[in-house]
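*Asks:* I'm passing along structure-v7.cif; it holds mmCIF, C-alpha atoms.
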data_model
#
loop_
_atom_site.label_atom_id
_atom_site.label_comp_id
_atom_site.auth_asym_id
_atom_site.auth_seq_id
_atom_site.Cartn_x
_atom_site.Cartn_y
_atom_site.Cartn_z
CA MET A 1 14.80 1.48 -49.76
CA SER A 2 12.07 4.03 -50.49
CA LYS A 3 9.57 1.94 -48.48
CA LEU A 4 11.86 2.02 -45.43
CA ILE A 5 12.17 5.80 -45.70
CA LEU A 6 8.40 6.20 -45.91
CA LEU A 7 7.96 3.90 -42.87
CA PHE A 8 10.48 5.94 -40.89
CA LEU A 9 8.73 9.20 -41.81
CA ALA A 10 5.40 7.73 -40.74
CA LEU A 11 6.80 6.76 -37.35
CA ILE A 12 8.36 10.20 -36.63
CA PRO A 13 5.14 11.73 -35.19
CA LEU A 14 4.70 8.71 -32.93
CA LEU A 15 8.27 8.86 -31.67
CA CYS A 16 8.10 12.61 -31.06
CA SER A 17 4.90 12.50 -29.00
CA SER A 18 5.66 9.41 -26.93
CA PHE A 19 6.12 9.16 -23.18
CA SER A 20 9.49 10.46 -22.03
CA PRO A 21 11.08 11.33 -18.69
CA GLU A 22 11.03 15.02 -19.65
CA THR A 23 7.28 15.02 -20.45
CA PRO A 24 5.94 12.08 -18.43
CA SER A 25 2.22 12.52 -19.18
CA ASP A 26 0.83 9.76 -21.41
CA ARG A 27 -0.08 11.11 -24.84
CA ARG A 28 -1.13 8.22 -27.10
CA VAL A 29 -4.00 6.27 -25.54
CA LEU A 30 -5.64 3.15 -26.98
CA VAL A 31 -9.32 2.81 -26.05
CA LEU A 32 -10.90 -0.63 -26.53
CA LEU A 33 -14.71 -0.71 -26.57
CA ASP A 34 -17.43 -3.36 -26.62
CA ASP A 35 -19.51 -1.11 -28.83
CA PHE A 36 -18.82 2.19 -30.57
CA ALA A 37 -21.97 3.53 -28.88
CA VAL A 38 -19.85 3.85 -25.72
CA LYS A 39 -17.79 6.49 -27.52
CA SER A 40 -20.82 8.81 -27.56
CA SER A 41 -22.46 7.72 -24.28
CA HIS A 42 -19.19 8.39 -22.42
CA SER A 43 -18.08 11.37 -24.53
CA LEU A 44 -17.70 13.80 -21.61
CA PHE A 45 -14.94 11.67 -20.10
CA PHE A 46 -13.20 11.22 -23.44
CA ASN A 47 -13.49 14.92 -24.30
CA SER A 48 -11.89 15.77 -20.96
CA LEU A 49 -8.88 13.67 -21.90
CA LYS A 50 -8.70 15.22 -25.37
CA SER A 51 -8.84 18.75 -23.92
CA ARG A 52 -5.76 17.90 -21.84
CA GLY A 53 -3.79 16.94 -24.94
CA PHE A 54 -4.30 13.18 -25.14
CA ASP A 55 -4.53 11.46 -28.50
CA LEU A 56 -7.25 8.80 -28.21
CA HIS A 57 -7.41 5.86 -30.62
CA PHE A 58 -10.77 4.04 -30.50
CA HIS A 59 -11.12 0.40 -31.57
CA LEU A 60 -13.50 -2.44 -30.94
CA ALA A 61 -11.94 -4.86 -28.49
CA ASP A 62 -12.26 -7.75 -30.96
CA ASP A 63 -10.78 -5.82 -33.90
CA PRO A 64 -8.33 -8.25 -35.57
CA LYS A 65 -5.97 -5.40 -36.48
CA ILE A 66 -5.27 -4.01 -33.00
CA ALA A 67 -1.78 -4.35 -31.54
CA LEU A 68 0.04 -2.80 -28.61
CA GLN A 69 3.48 -2.93 -30.16
CA ARG A 70 5.19 -3.18 -33.52
CA TYR A 71 8.82 -4.02 -34.25
CA GLY A 72 9.48 -4.24 -30.52
CA GLN A 73 8.23 -0.67 -29.86
CA TYR A 74 4.99 0.13 -28.06
CA LEU A 75 2.56 2.16 -30.14
CA TYR A 76 0.70 3.61 -27.16
CA ASP A 77 1.50 5.11 -23.78
CA ALA A 78 -1.69 4.01 -22.01
CA LEU A 79 -4.62 1.64 -22.43
CA ILE A 80 -8.30 2.09 -21.51
CA LEU A 81 -10.46 -1.05 -21.39
CA PHE A 82 -14.13 -0.07 -21.64
CA SER A 83 -15.07 -3.55 -22.82
CA PRO A 84 -16.30 -5.48 -19.77
CA THR A 85 -18.03 -8.27 -21.75
CA ILE A 86 -15.15 -9.12 -24.10
CA GLU A 87 -14.24 -12.80 -24.00
CA ARG A 88 -11.23 -12.54 -26.28
CA PHE A 89 -9.35 -9.54 -27.63
CA GLY A 90 -8.60 -9.23 -31.32
CA GLY A 91 -5.23 -9.06 -33.02
CA SER A 92 -2.17 -9.75 -30.89
CA VAL A 93 -3.74 -8.39 -27.69
CA ASP A 94 -4.41 -10.77 -24.80
CA ALA A 95 -4.18 -10.74 -21.00
CA ALA A 96 -0.46 -11.56 -21.06
CA SER A 97 0.37 -8.76 -23.51
CA ILE A 98 -1.62 -6.25 -21.42
CA LEU A 99 0.30 -7.25 -18.28
CA ASP A 100 3.57 -6.95 -20.21
CA PHE A 101 2.40 -3.51 -21.30
CA VAL A 102 2.06 -2.51 -17.63
CA ASP A 103 5.35 -4.20 -16.72
CA SER A 104 6.99 -1.94 -19.32
CA GLY A 105 5.90 1.12 -17.35
CA HIS A 106 2.65 1.98 -19.17
CA ASP A 107 -0.69 2.86 -17.57
CA LEU A 108 -4.05 1.10 -17.61
CA ILE A 109 -7.71 1.87 -16.87
CA VAL A 110 -10.12 -1.07 -16.54
CA ALA A 111 -13.88 -0.60 -16.17
CA ALA A 112 -15.84 -3.76 -15.35
CA ASP A 113 -19.58 -4.18 -14.93
CA SER A 114 -22.16 -6.64 -13.66
CA ASN A 115 -21.58 -8.75 -16.77
CA ALA A 116 -17.78 -8.71 -16.59
CA SER A 117 -16.13 -11.52 -18.53
CA ASP A 118 -13.59 -13.98 -17.17
CA LEU A 119 -10.91 -12.20 -19.21
CA ILE A 120 -11.49 -8.86 -17.48
CA ARG A 121 -11.64 -10.60 -14.11
CA GLU A 122 -8.32 -12.33 -14.85
CA ILE A 123 -6.61 -9.03 -15.67
CA ALA A 124 -7.96 -7.50 -12.46
CA THR A 125 -6.81 -10.49 -10.39
CA GLU A 126 -3.30 -10.22 -11.80
CA CYS A 127 -3.29 -6.57 -10.68
CA GLY A 128 -4.24 -7.49 -7.10
CA VAL A 129 -8.02 -7.01 -7.26
CA ASP A 130 -10.60 -9.79 -6.87
CA PHE A 131 -14.14 -9.20 -8.14
CA ASP A 132 -17.02 -11.05 -6.50
CA GLU A 133 -17.02 -14.62 -7.79
CA ASP A 134 -20.80 -14.59 -8.22
CA PRO A 135 -21.32 -13.39 -11.83
CA ALA A 136 -24.80 -12.06 -10.94
CA ALA A 137 -23.68 -10.14 -7.84
CA MET A 138 -23.85 -6.35 -7.59
CA VAL A 139 -23.21 -3.91 -4.78
CA VAL A 140 -26.43 -3.31 -2.85
CA ASP A 141 -26.92 -0.71 -0.13
CA HIS A 142 -30.31 -0.31 1.53
CA SER A 143 -29.11 2.63 3.63
CA GLY A 144 -26.69 4.49 1.36
CA TYR A 145 -28.52 4.18 -1.95
CA ALA A 146 -29.09 7.14 -4.25
CA VAL A 147 -32.62 8.51 -4.15
CA SER A 148 -34.25 8.22 -7.58
CA ALA A 149 -37.70 8.37 -9.14
CA THR A 150 -37.90 4.59 -8.99
CA GLU A 151 -36.71 3.00 -5.76
CA GLY A 152 -35.58 -0.13 -7.58
CA ASP A 153 -33.33 -2.69 -5.91
CA HIS A 154 -30.95 -0.14 -4.32
CA THR A 155 -28.04 -1.05 -6.63
CA LEU A 156 -27.64 2.61 -7.59
CA ILE A 157 -25.66 3.83 -4.62
CA ALA A 158 -24.22 7.19 -3.58
CA SER A 159 -20.77 6.86 -2.04
CA ASP A 160 -18.53 9.56 -0.59
CA ASP A 161 -15.96 7.42 1.24
CA PHE A 162 -12.85 8.67 -0.59
CA ILE A 163 -9.17 8.08 0.02
CA LYS A 164 -7.59 10.94 1.97
CA SER A 165 -5.01 12.07 -0.55
CA ASP A 166 -4.85 15.44 -2.30
CA VAL A 167 -2.28 14.22 -4.79
CA ILE A 168 -4.62 11.47 -6.05
CA LEU A 169 -7.97 13.27 -5.95
CA GLY A 170 -7.02 16.94 -5.77
CA SER A 171 -7.72 19.37 -2.95
CA LYS A 172 -11.28 20.42 -3.90
CA LYS A 173 -14.28 18.81 -2.24
CA ILE A 174 -15.99 16.10 -4.29
CA GLU A 175 -19.70 15.41 -3.94
CA ALA A 176 -21.10 11.89 -3.61
CA ILE A 177 -20.40 9.48 -6.47
CA LEU A 178 -23.10 7.57 -8.33
CA PHE A 179 -22.07 3.93 -8.67
CA GLN A 180 -23.85 0.92 -10.10
CA GLY A 181 -21.85 -2.19 -10.68
CA ILE A 182 -19.81 -4.89 -8.97
CA GLY A 183 -17.60 -4.67 -5.92
CA HIS A 184 -14.16 -6.09 -5.39
CA SER A 185 -11.76 -6.86 -2.59
CA LEU A 186 -8.04 -6.17 -2.40
CA ASN A 187 -5.51 -8.96 -2.30
CA PRO A 188 -4.05 -8.70 1.23
CA THR A 189 -0.64 -9.84 -0.03
CA ASN A 190 -0.44 -6.93 -2.47
CA SER A 191 0.59 -3.78 -0.61
CA LEU A 192 0.53 -1.67 -3.77
CA VAL A 193 -3.28 -1.61 -4.17
CA LEU A 194 -5.24 1.30 -2.67
CA LYS A 195 -8.98 1.76 -2.21
CA VAL A 196 -9.92 5.13 -3.72
CA LEU A 197 -13.68 4.77 -3.31
CA SER A 198 -15.18 2.41 -0.74
CA ALA A 199 -18.73 1.26 -0.06
CA SER A 200 -20.55 2.23 3.14
CA PRO A 201 -20.67 -0.08 6.19
CA SER A 202 -24.24 -1.08 5.26
CA ALA A 203 -23.39 -2.27 1.74
CA PHE A 204 -23.03 -5.88 0.60
CA SER A 205 -22.43 -7.76 -2.62
CA ALA A 206 -25.17 -10.15 -3.73
CA ASN A 207 -27.58 -10.96 -6.56
CA PRO A 208 -30.26 -8.23 -6.25
CA LYS A 209 -32.84 -10.40 -8.02
CA SER A 210 -32.73 -13.27 -5.57
CA LYS A 211 -33.17 -13.71 -1.84
CA VAL A 212 -29.97 -13.71 0.22
CA THR A 213 -29.80 -17.11 1.92
CA SER A 214 -26.18 -17.08 3.08
CA PRO A 215 -23.79 -14.35 4.29
CA PRO A 216 -22.36 -12.39 1.33
CA SER A 217 -18.66 -12.82 0.65
CA LEU A 218 -18.15 -9.03 0.47
CA THR A 219 -19.70 -6.71 3.02
CA GLY A 220 -19.37 -3.20 4.41
CA SER A 221 -16.37 -0.93 3.95
CA SER A 222 -14.21 -3.86 2.87
CA ILE A 223 -15.92 -3.54 -0.53
CA SER A 224 -13.85 -1.40 -2.87
CA LEU A 225 -15.72 0.31 -5.70
CA VAL A 226 -12.69 1.95 -7.34
CA SER A 227 -9.07 1.01 -6.68
CA VAL A 228 -5.70 2.14 -7.97
CA ILE A 229 -2.31 0.48 -8.12
CA GLN A 230 1.09 2.06 -8.54
CA ALA A 231 3.53 -0.66 -9.55
CA ARG A 232 7.15 -0.70 -8.45
CA ASN A 233 8.11 0.58 -11.91
CA ASN A 234 5.71 3.53 -11.31
CA ALA A 235 3.13 2.30 -13.84
CA ARG A 236 -0.37 3.22 -12.67
CA ILE A 237 -3.61 1.24 -12.91
CA LEU A 238 -7.22 2.19 -12.21
CA ILE A 239 -9.83 -0.54 -11.73
CA SER A 240 -13.51 0.30 -11.43
CA GLY A 241 -16.43 -2.06 -10.90
CA SER A 242 -18.75 0.19 -12.92
CA LEU A 243 -18.56 1.34 -16.52
CA SER A 244 -21.71 3.44 -15.99
CA MET A 245 -19.94 5.77 -13.56
CA PHE A 246 -17.93 7.10 -16.56
CA SER A 247 -21.10 7.78 -18.57
CA ASN A 248 -22.58 11.14 -19.52
CA ARG A 249 -25.79 10.21 -17.71
CA PHE A 250 -24.02 9.76 -14.38
CA PHE A 251 -21.86 12.85 -14.99
CA ARG A 252 -24.94 15.05 -15.45
CA SER A 253 -27.25 13.44 -12.91
CA GLY A 254 -28.08 15.01 -9.59
CA VAL A 255 -27.43 13.01 -6.46
CA GLN A 256 -29.18 12.69 -3.12
CA LYS A 257 -28.11 10.11 -0.61
CA ALA A 258 -30.85 8.24 1.23
CA GLY A 259 -31.51 9.81 4.61
CA SER A 260 -29.96 13.14 3.61
CA PRO A 261 -32.17 16.20 2.97
CA THR A 262 -29.55 17.73 0.67
CA LYS A 263 -29.77 17.12 -3.04
CA HIS A 264 -26.86 18.15 -5.23
CA GLU A 265 -27.64 19.30 -8.75
CA LYS A 266 -24.67 17.38 -10.11
CA SER A 267 -22.94 14.24 -8.93
CA GLY A 268 -19.22 14.20 -8.21
CA ASN A 269 -18.51 11.61 -10.91
CA GLU A 270 -17.05 14.02 -13.45
CA GLN A 271 -14.76 15.76 -10.98
CA PHE A 272 -13.78 12.48 -9.33
CA LEU A 273 -12.84 10.70 -12.55
CA ASN A 274 -11.14 13.71 -14.12
CA GLU A 275 -8.97 14.19 -11.04
CA LEU A 276 -8.26 10.48 -10.77
CA SER A 277 -7.35 10.22 -14.47
CA LYS A 278 -4.86 13.06 -13.99
CA TRP A 279 -3.11 10.95 -11.39
CA VAL A 280 -3.28 7.74 -13.45
CA PHE A 281 -1.82 9.45 -16.51
CA HIS A 282 1.01 11.08 -14.51
CA GLU A 283 -0.30 14.63 -14.72
CA ARG A 284 0.12 14.77 -10.96
CA GLY A 285 2.31 13.04 -8.41
CA HIS A 286 5.20 12.29 -10.80
CA LEU A 287 8.61 13.15 -9.33
CA LYS A 288 12.09 13.35 -10.80
CA ALA A 289 15.45 13.92 -9.15
CA VAL A 290 18.32 15.72 -10.87
CA ASN A 291 21.69 17.28 -10.04
CA VAL A 292 22.74 14.83 -7.33
CA GLN A 293 25.95 16.26 -5.87
CA HIS A 294 28.28 15.62 -2.95
CA HIS A 295 31.60 17.17 -1.99
CA LYS A 296 33.74 18.16 0.98
CA VAL A 297 32.71 21.22 2.92
CA GLY A 298 34.40 24.27 1.41
CA GLU A 299 35.01 22.57 -1.95
CA ALA A 300 32.96 22.40 -5.14
CA ASN A 301 34.25 19.34 -6.97
CA GLU A 302 33.11 15.80 -6.26
CA PRO A 303 36.03 13.74 -4.93
CA ALA A 304 36.84 10.21 -6.01
CA ILE A 305 37.27 9.10 -2.40
CA TYR A 306 36.55 10.38 1.10
CA ARG A 307 38.62 10.00 4.27
CA ILE A 308 37.14 9.04 7.60
CA ILE A 309 35.73 11.96 9.65
CA ASP A 310 35.74 14.27 6.62
CA ASN A 311 32.95 16.87 6.63
CA LEU A 312 30.85 16.63 3.48
CA GLU A 313 27.77 18.14 1.87
CA TYR A 314 25.07 16.31 -0.13
CA SER A 315 22.38 17.90 -2.33
CA VAL A 316 19.72 16.92 -4.86
CA GLU A 317 16.98 18.73 -6.78
CA ILE A 318 13.46 17.21 -6.85
CA TYR A 319 10.66 18.38 -9.14
CA GLU A 320 7.03 17.37 -9.67
CA TRP A 321 5.28 17.28 -13.06
CA SER A 322 2.19 19.51 -13.06
CA GLY A 323 0.81 18.28 -16.38
CA THR A 324 2.48 21.03 -18.38
CA SER A 325 5.80 21.79 -16.66
CA TRP A 326 8.14 20.74 -13.88
CA GLU A 327 7.46 22.52 -10.59
CA PRO A 328 9.64 22.44 -7.43
CA TYR A 329 8.59 19.69 -5.06
CA VAL A 330 8.41 20.82 -1.44
CA ALA A 331 8.39 18.32 1.45
CA ASP A 332 10.05 17.87 4.81
CA ASP A 333 10.43 14.07 4.79
CA VAL A 334 13.15 13.42 2.20
CA GLN A 335 16.06 11.55 3.77
CA VAL A 336 19.52 10.44 2.66
CA GLN A 337 21.42 7.44 3.98
CA PHE A 338 25.18 6.97 4.07
CA TYR A 339 25.02 3.24 3.68
CA MET A 340 27.34 0.23 3.91
CA MET A 341 25.43 -2.99 4.69
CA SER A 342 23.31 -0.77 6.98
CA PRO A 343 22.89 3.01 7.33
CA TYR A 344 25.74 4.59 9.30
CA VAL A 345 24.21 8.06 8.80
CA LEU A 346 20.53 8.95 8.27
CA LYS A 347 19.77 12.63 7.71
CA THR A 348 16.59 14.49 6.80
CA LEU A 349 17.31 16.89 3.96
CA SER A 350 16.60 20.60 4.36
CA THR A 351 14.98 22.47 1.47
CA ASP A 352 14.94 26.04 0.19
CA GLY A 353 11.36 25.67 -1.10
CA LYS A 354 12.58 25.76 -4.71
CA GLY A 355 13.20 22.04 -5.17
CA HIS A 356 16.75 22.09 -3.79
CA TYR A 357 17.42 19.64 -0.93
CA PHE A 358 20.68 19.60 1.01
CA THR A 359 22.43 18.50 4.19
CA SER A 360 25.91 18.08 5.66
CA PHE A 361 27.41 15.49 7.98
CA LYS A 362 30.69 13.95 9.09
CA VAL A 363 31.91 10.72 7.46
CA PRO A 364 31.81 7.96 10.10
CA ASP A 365 35.08 6.63 11.54
CA VAL A 366 34.71 3.45 9.47
CA TYR A 367 36.36 2.82 6.12
CA GLY A 368 34.97 0.78 3.24
CA VAL A 369 32.71 1.25 0.20
CA PHE A 370 29.67 3.38 1.06
CA GLN A 371 26.63 4.59 -0.85
CA PHE A 372 24.59 7.78 -0.78
CA LYS A 373 21.02 6.42 -0.92
CA VAL A 374 17.70 8.21 -1.23
CA GLU A 375 14.70 5.86 -1.11
CA TYR A 376 11.63 8.07 -1.20
CA GLU A 377 8.14 6.57 -1.20
CA LYS A 378 5.05 8.62 -0.39
CA LEU A 379 1.37 7.90 -0.94
CA GLY A 380 0.35 9.00 -4.42
CA TYR A 381 3.82 9.93 -5.64
CA THR A 382 6.16 8.03 -7.90
CA SER A 383 9.00 6.50 -5.92
CA LEU A 384 12.54 7.84 -6.11
CA SER A 385 15.51 5.52 -5.77
CA LEU A 386 18.89 7.23 -5.96
CA SER A 387 22.21 5.58 -5.27
CA LYS A 388 25.77 6.80 -5.64
CA GLN A 389 28.78 4.75 -4.56
CA ILE A 390 31.87 6.25 -2.93
CA PRO A 391 34.83 4.64 -1.09
CA VAL A 392 36.04 5.85 2.31
CA ARG A 393 39.71 5.36 3.34
CA PRO A 394 41.49 5.55 6.70
CA PHE A 395 44.19 8.08 7.56
CA ARG A 396 47.52 7.62 5.80
CA HIS A 397 50.57 7.23 8.02
CA ASN A 398 51.60 10.85 7.50
CA GLU A 399 48.15 12.30 8.13
CA TYR A 400 47.95 11.62 11.84
CA GLU A 401 48.67 14.48 14.24
CA ARG A 402 52.26 14.76 15.46
CA PHE A 403 51.11 14.83 19.07
CA ILE A 404 47.81 13.20 19.84
CA PRO A 405 46.03 14.85 22.80
CA ALA A 406 44.73 11.51 24.00
CA ALA A 407 48.34 10.35 24.42
CA TYR A 408 49.48 13.24 26.63
CA PRO A 409 49.38 11.11 29.82
CA TYR A 410 51.70 8.60 28.18
CA TYR A 411 54.04 11.35 27.03
CA GLY A 412 54.09 12.70 30.59
CA ALA A 413 54.78 9.26 32.03
CA ALA A 414 57.74 8.69 29.69
CA PHE A 415 59.36 12.06 30.35
CA SER A 416 58.74 11.87 34.10
CA MET A 417 60.41 8.43 34.18
CA MET A 418 63.46 9.78 32.33
CA ALA A 419 63.68 12.75 34.70
CA GLY A 420 63.37 10.44 37.70
CA PHE A 421 66.13 8.20 36.31
CA PHE A 422 68.52 11.18 35.98
CA ILE A 423 67.68 12.41 39.50
CA PHE A 424 68.16 8.91 40.92
CA THR A 425 71.53 8.57 39.11
CA ALA A 426 72.76 11.96 40.34
CA VAL A 427 71.79 11.20 43.90
CA HIS A 428 73.35 7.75 43.80
CA LEU A 429 76.68 8.95 42.32
CA TYR A 430 77.23 12.04 44.40
CA ASN A 431 75.71 11.03 47.71
CA LYS A 432 78.41 10.08 50.27
#
Go ahead and express the file in the form of structure tokens.
*Replies:*
Amino acid sequence: MSKLILLFLALIPLLCSSFSPETPSDRRVLVLLDDFAVKSSHSLFFNSLKSRGFDLHFHLADDPKIALQRYGQYLYDALILFSPTIERFGGSVDAASILDFVDSGHDLIVAADSNASDLIREIATECGVDFDEDPAAMVVDHSGYAVSATEGDHTLIASDDFIKSDVILGSKKIEAILFQGIGHSLNPTNSLVLKVLSASPSAFSANPKSKVTSPPSLTGSSISLVSVIQARNNARILISGSLSMFSNRFFRSGVQKAGSPTKHEKSGNEQFLNELSKWVFHERGHLKAVNVQHHKVGEANEPAIYRIIDNLEYSVEIYEWSGTSWEPYVADDVQVQFYMMSPYVLKTLSTDGKGHYFTSFKVPDVYGVFQFKVEYEKLGYTSLSLSKQIPVRPFRHNEYERFIPAAYPYYGAAFSMMAGFFIFTAVHLYNK
């Protein structure tokens, strides 16, 4: 009994700091490394995460004691794989368990390299990203390479072809990124994958140490250097073809793109990866909806049923997580559907700028079981799916108007016929 109590007390800190809808930022992060030297060579990136409140747990990828879950509960909120050469994970971790980890709503960062193992390639493929099949291939760019003291083979490239999204990369300008590694393509059947950093039109993927004798399989802007995925359960994944781009050396290096006279004292790697990690770990672009309400105009309570052609009001509050608190989300493209098999009403919600969205409309002249539906999907934001069911009834027999204006011609016809009958009778009886 005492052992169970001690185990429970040991788990309390983990349970208190775990991912929750009220504080959606990941807090406990497992970092798997090929070598502990990466912990120091990439310390600037790790220190950035620690300064934002993340609890990093470092292990060798082949450590036999590592596990993602215990007693059916996940021990971590996110996973970072900085182990591109690992052939087999230690402990109970494997490709299937990592994919289950993501399927459970947790986040993942994968950094590959020119010597990426089949295991890392398999995980990337399952996420919708296909690395170049040639194990010796790297991204080469003879026009967009980064100027350095040694010209080399032009595998050190400077790329500034970013995704146009402030919610993913922030609103500040980012200088060119130093990249040295392997390229990948996006699975065309997977609409959830986005290219965050693309190669230039002059780039190609090939073995830099051998002569190119056939057209490369990956060329130009179709080569993705860094990609992200937001799954349908709002789990987020970052896949990079370069582990070096996270390193202190690349963070501190200056950058000058070939053909450009401008040399920047510092590359954009640090800013780029810090901003991108904020998005991956739900410090930005995470929405929640609360206080969904609907009622008849002029009333405050939610009815159990509506009547056809009733006037009603619908409202919802939407907030965005800023990394430390919930802030009002302001947009002009949130819509509500009044839905039964298909939308009978589609209205864009108005907002007061404080997170409160509202609209009013008339119930259609159709009775049945309807739903209030909000399906909100926007680039970089977690999706919102709200649904509330409500029946709609027709008029009762005693709710119709006593005299229907549309029937006035029929009323007039009936009374005029009766009057004509009396006139005809009087004339016929008293006419000699």
*Asks:* Which of these, A:Thr125, A:Ser191, A:Ser40, A:Gln69, has the shortest distance to Asp100 of chain A once you count all atoms listed in the file?
*Replies:*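 Of all the options, A:Gln69 lies closest to Asp100 of chain A.
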*Asks:* Could you give me, as JSON lines, every segment 225-289 of chain A residue with an atom at most 12 Å from segment 323-332 of chain A, plus its closest atom pair and distance in Å to one decimal, counting all atoms listed in the file, rows ordered by chain then number?
*Replies:*
{"residue": "A:Glu275", "atom": "CA", "partner": "A:Gly323", "partner_atom": "CA", "distance": 11.9}
{"residue": "A:Ser277", "atom": "CA", "partner": "A:Gly323", "partner_atom": "CA", "distance": 11.6}
{"residue": "A:Lys278", "atom": "CA", "partner": "A:Gly323", "partner_atom": "CA", "distance": 8.1}
{"residue": "A:Trp279", "atom": "CA", "partner": "A:Gly323", "partner_atom": "CA", "distance": 9.7}
{"residue": "A:Val280", "atom": "CA", "partner": "A:Gly323", "partner_atom": "CA", "distance": 11.7}
{"residue": "A:Phe281", "atom": "CA", "partner": "A:Gly323", "partner_atom": "CA", "distance": 9.2}
{"residue": "A:His282", "atom": "CA", "partner": "A:Gly323", "partner_atom": "CA", "distance": 7.4}
{"residue": "A:Glu283", "atom": "CA", "partner": "A:Gly323", "partner_atom": "CA", "distance": 4.2}
{"residue": "A:Arg284", "atom": "CA", "partner": "A:Gly323", "partner_atom": "CA", "distance": 6.5}
{"residue": "A:Gly285", "atom": "CA", "partner": "A:Gly323", "partner_atom": "CA", "distance": 9.7}
{"residue": "A:His286", "atom": "CA", "partner": "A:Gly323", "partner_atom": "CA", "distance": 9.3}
{"residue": "A:Leu287", "atom": "CA", "partner": "A:Tyr329", "partner_atom": "CA", "distance": 7.8}
{"residue": "A:Lys288", "atom": "CA", "partner": "A:Trp326", "partner_atom": "CA", "distance": 8.9}
{"residue": "A:Ala289", "atom": "CA", "partner": "A:Tyr329", "partner_atom": "CA", "distance": 9.9}
*Asks:* Could you expand the PyMOL selection byres ((chain A and resi 57) around 10) into the explicit residues it covers here, written as an MDAnalysis selection string?
*Replies:* chainID A and resid 28:32 54:56 58:59 76 79:80
*Asks:* List, as a PyMOL selection string, every residue that the PyMOL selection byres ((chain A and resi 129) around 9) selects in the file provided.
*Replies:* chain A and resi 121+123-128+130-131+184-187+190+193+227+239
*Asks:* Report, in Å to a single decimal, how far apart atom CA of Ala235 of chain A and atom CA of Ile98 of chain A are.
*Replies:*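 Between atom CA of Ile98 of chain A and atom CA of Ala235 of chain A the gap is 12.4 Å.
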*Asks:* Can you list what the PyMOL selection byres ((chain A and resi 276) around 12) grabs from this structure, as an MDAnalysis selection string?
*Replies:* chainID A and resid 45 49 109 162:163 165:171 174 196:197 226:229 236:240 246 268:275 277:285 380
*Asks:* Keeping only C-alpha atoms, write the selected residues as a PDB file, keeping the file's coordinate frame.
*Replies:*
ATOM      1  CA  PHE A  45     -14.940  11.670 -20.100  1.00  0.00           C
ATOM      2  CA  LEU A  49      -8.880  13.670 -21.900  1.00  0.00           C
ATOM      3  CA  ILE A 109      -7.710   1.870 -16.870  1.00  0.00           C
ATOM      4  CA  PHE A 162     -12.850   8.670  -0.590  1.00  0.00           C
ATOM      5  CA  ILE A 163      -9.170   8.080   0.020  1.00  0.00           C
ATOM      6  CA  SER A 165      -5.010  12.070  -0.550  1.00  0.00           C
ATOM      7  CA  ASP A 166      -4.850  15.440  -2.300  1.00  0.00           C
ATOM      8  CA  VAL A 167      -2.280  14.220  -4.790  1.00  0.00           C
ATOM      9  CA  ILE A 168      -4.620  11.470  -6.050  1.00  0.00           C
ATOM     10  CA  LEU A 169      -7.970  13.270  -5.950  1.00  0.00           C
ATOM     11  CA  GLY A 170      -7.020  16.940  -5.770  1.00  0.00           C
ATOM     12  CA  SER A 171      -7.720  19.370  -2.950  1.00  0.00           C
ATOM     13  CA  ILE A 174     -15.990  16.100  -4.290  1.00  0.00           C
ATOM     14  CA  VAL A 196      -9.920   5.130  -3.720  1.00  0.00           C
ATOM     15  CA  LEU A 197     -13.680   4.770  -3.310  1.00  0.00           C
ATOM     16  CA  VAL A 226     -12.690   1.950  -7.340  1.00  0.00           C
ATOM     17  CA  SER A 227      -9.070   1.010  -6.680  1.00  0.00           C
ATOM     18  CA  VAL A 228      -5.700   2.140  -7.970  1.00  0.00           C
ATOM     19  CA  ILE A 229      -2.310   0.480  -8.120  1.00  0.00           C
ATOM     20  CA  ARG A 236      -0.370   3.220 -12.670  1.00  0.00           C
ATOM     21  CA  ILE A 237      -3.610   1.240 -12.910  1.00  0.00           C
ATOM     22  CA  LEU A 238      -7.220   2.190 -12.210  1.00  0.00           C
ATOM     23  CA  ILE A 239      -9.830  -0.540 -11.730  1.00  0.00           C
ATOM     24  CA  SER A 240     -13.510   0.300 -11.430  1.00  0.00           C
ATOM     25  CA  PHE A 246     -17.930   7.100 -16.560  1.00  0.00           C
ATOM     26  CA  GLY A 268     -19.220  14.200  -8.210  1.00  0.00           C
ATOM     27  CA  ASN A 269     -18.510  11.610 -10.910  1.00  0.00           C
ATOM     28  CA  GLU A 270     -17.050  14.020 -13.450  1.00  0.00           C
ATOM     29  CA  GLN A 271     -14.760  15.760 -10.980  1.00  0.00           C
ATOM     30  CA  PHE A 272     -13.780  12.480  -9.330  1.00  0.00           C
ATOM     31  CA  LEU A 273     -12.840  10.700 -12.550  1.00  0.00           C
ATOM     32  CA  ASN A 274     -11.140  13.710 -14.120  1.00  0.00           C
ATOM     33  CA  GLU A 275      -8.970  14.190 -11.040  1.00  0.00           C
ATOM     34  CA  SER A 277      -7.350  10.220 -14.470  1.00  0.00           C
ATOM     35  CA  LYS A 278      -4.860  13.060 -13.990  1.00  0.00           C
ATOM     36  CA  TRP A 279      -3.110  10.950 -11.390  1.00  0.00           C
ATOM     37  CA  VAL A 280      -3.280   7.740 -13.450  1.00  0.00           C
ATOM     38  CA  PHE A 281      -1.820   9.450 -16.510  1.00  0.00           C
ATOM     39  CA  HIS A 282       1.010  11.080 -14.510  1.00  0.00           C
ATOM     40  CA  GLU A 283      -0.300  14.630 -14.720  1.00  0.00           C
ATOM     41  CA  ARG A 284       0.120  14.770 -10.960  1.00  0.00           C
ATOM     42  CA  GLY A 285       2.310  13.040  -8.410  1.00  0.00           C
ATOM     43  CA  GLY A 380       0.350   9.000  -4.420  1.00  0.00           C
TER      44      GLY A 380
END
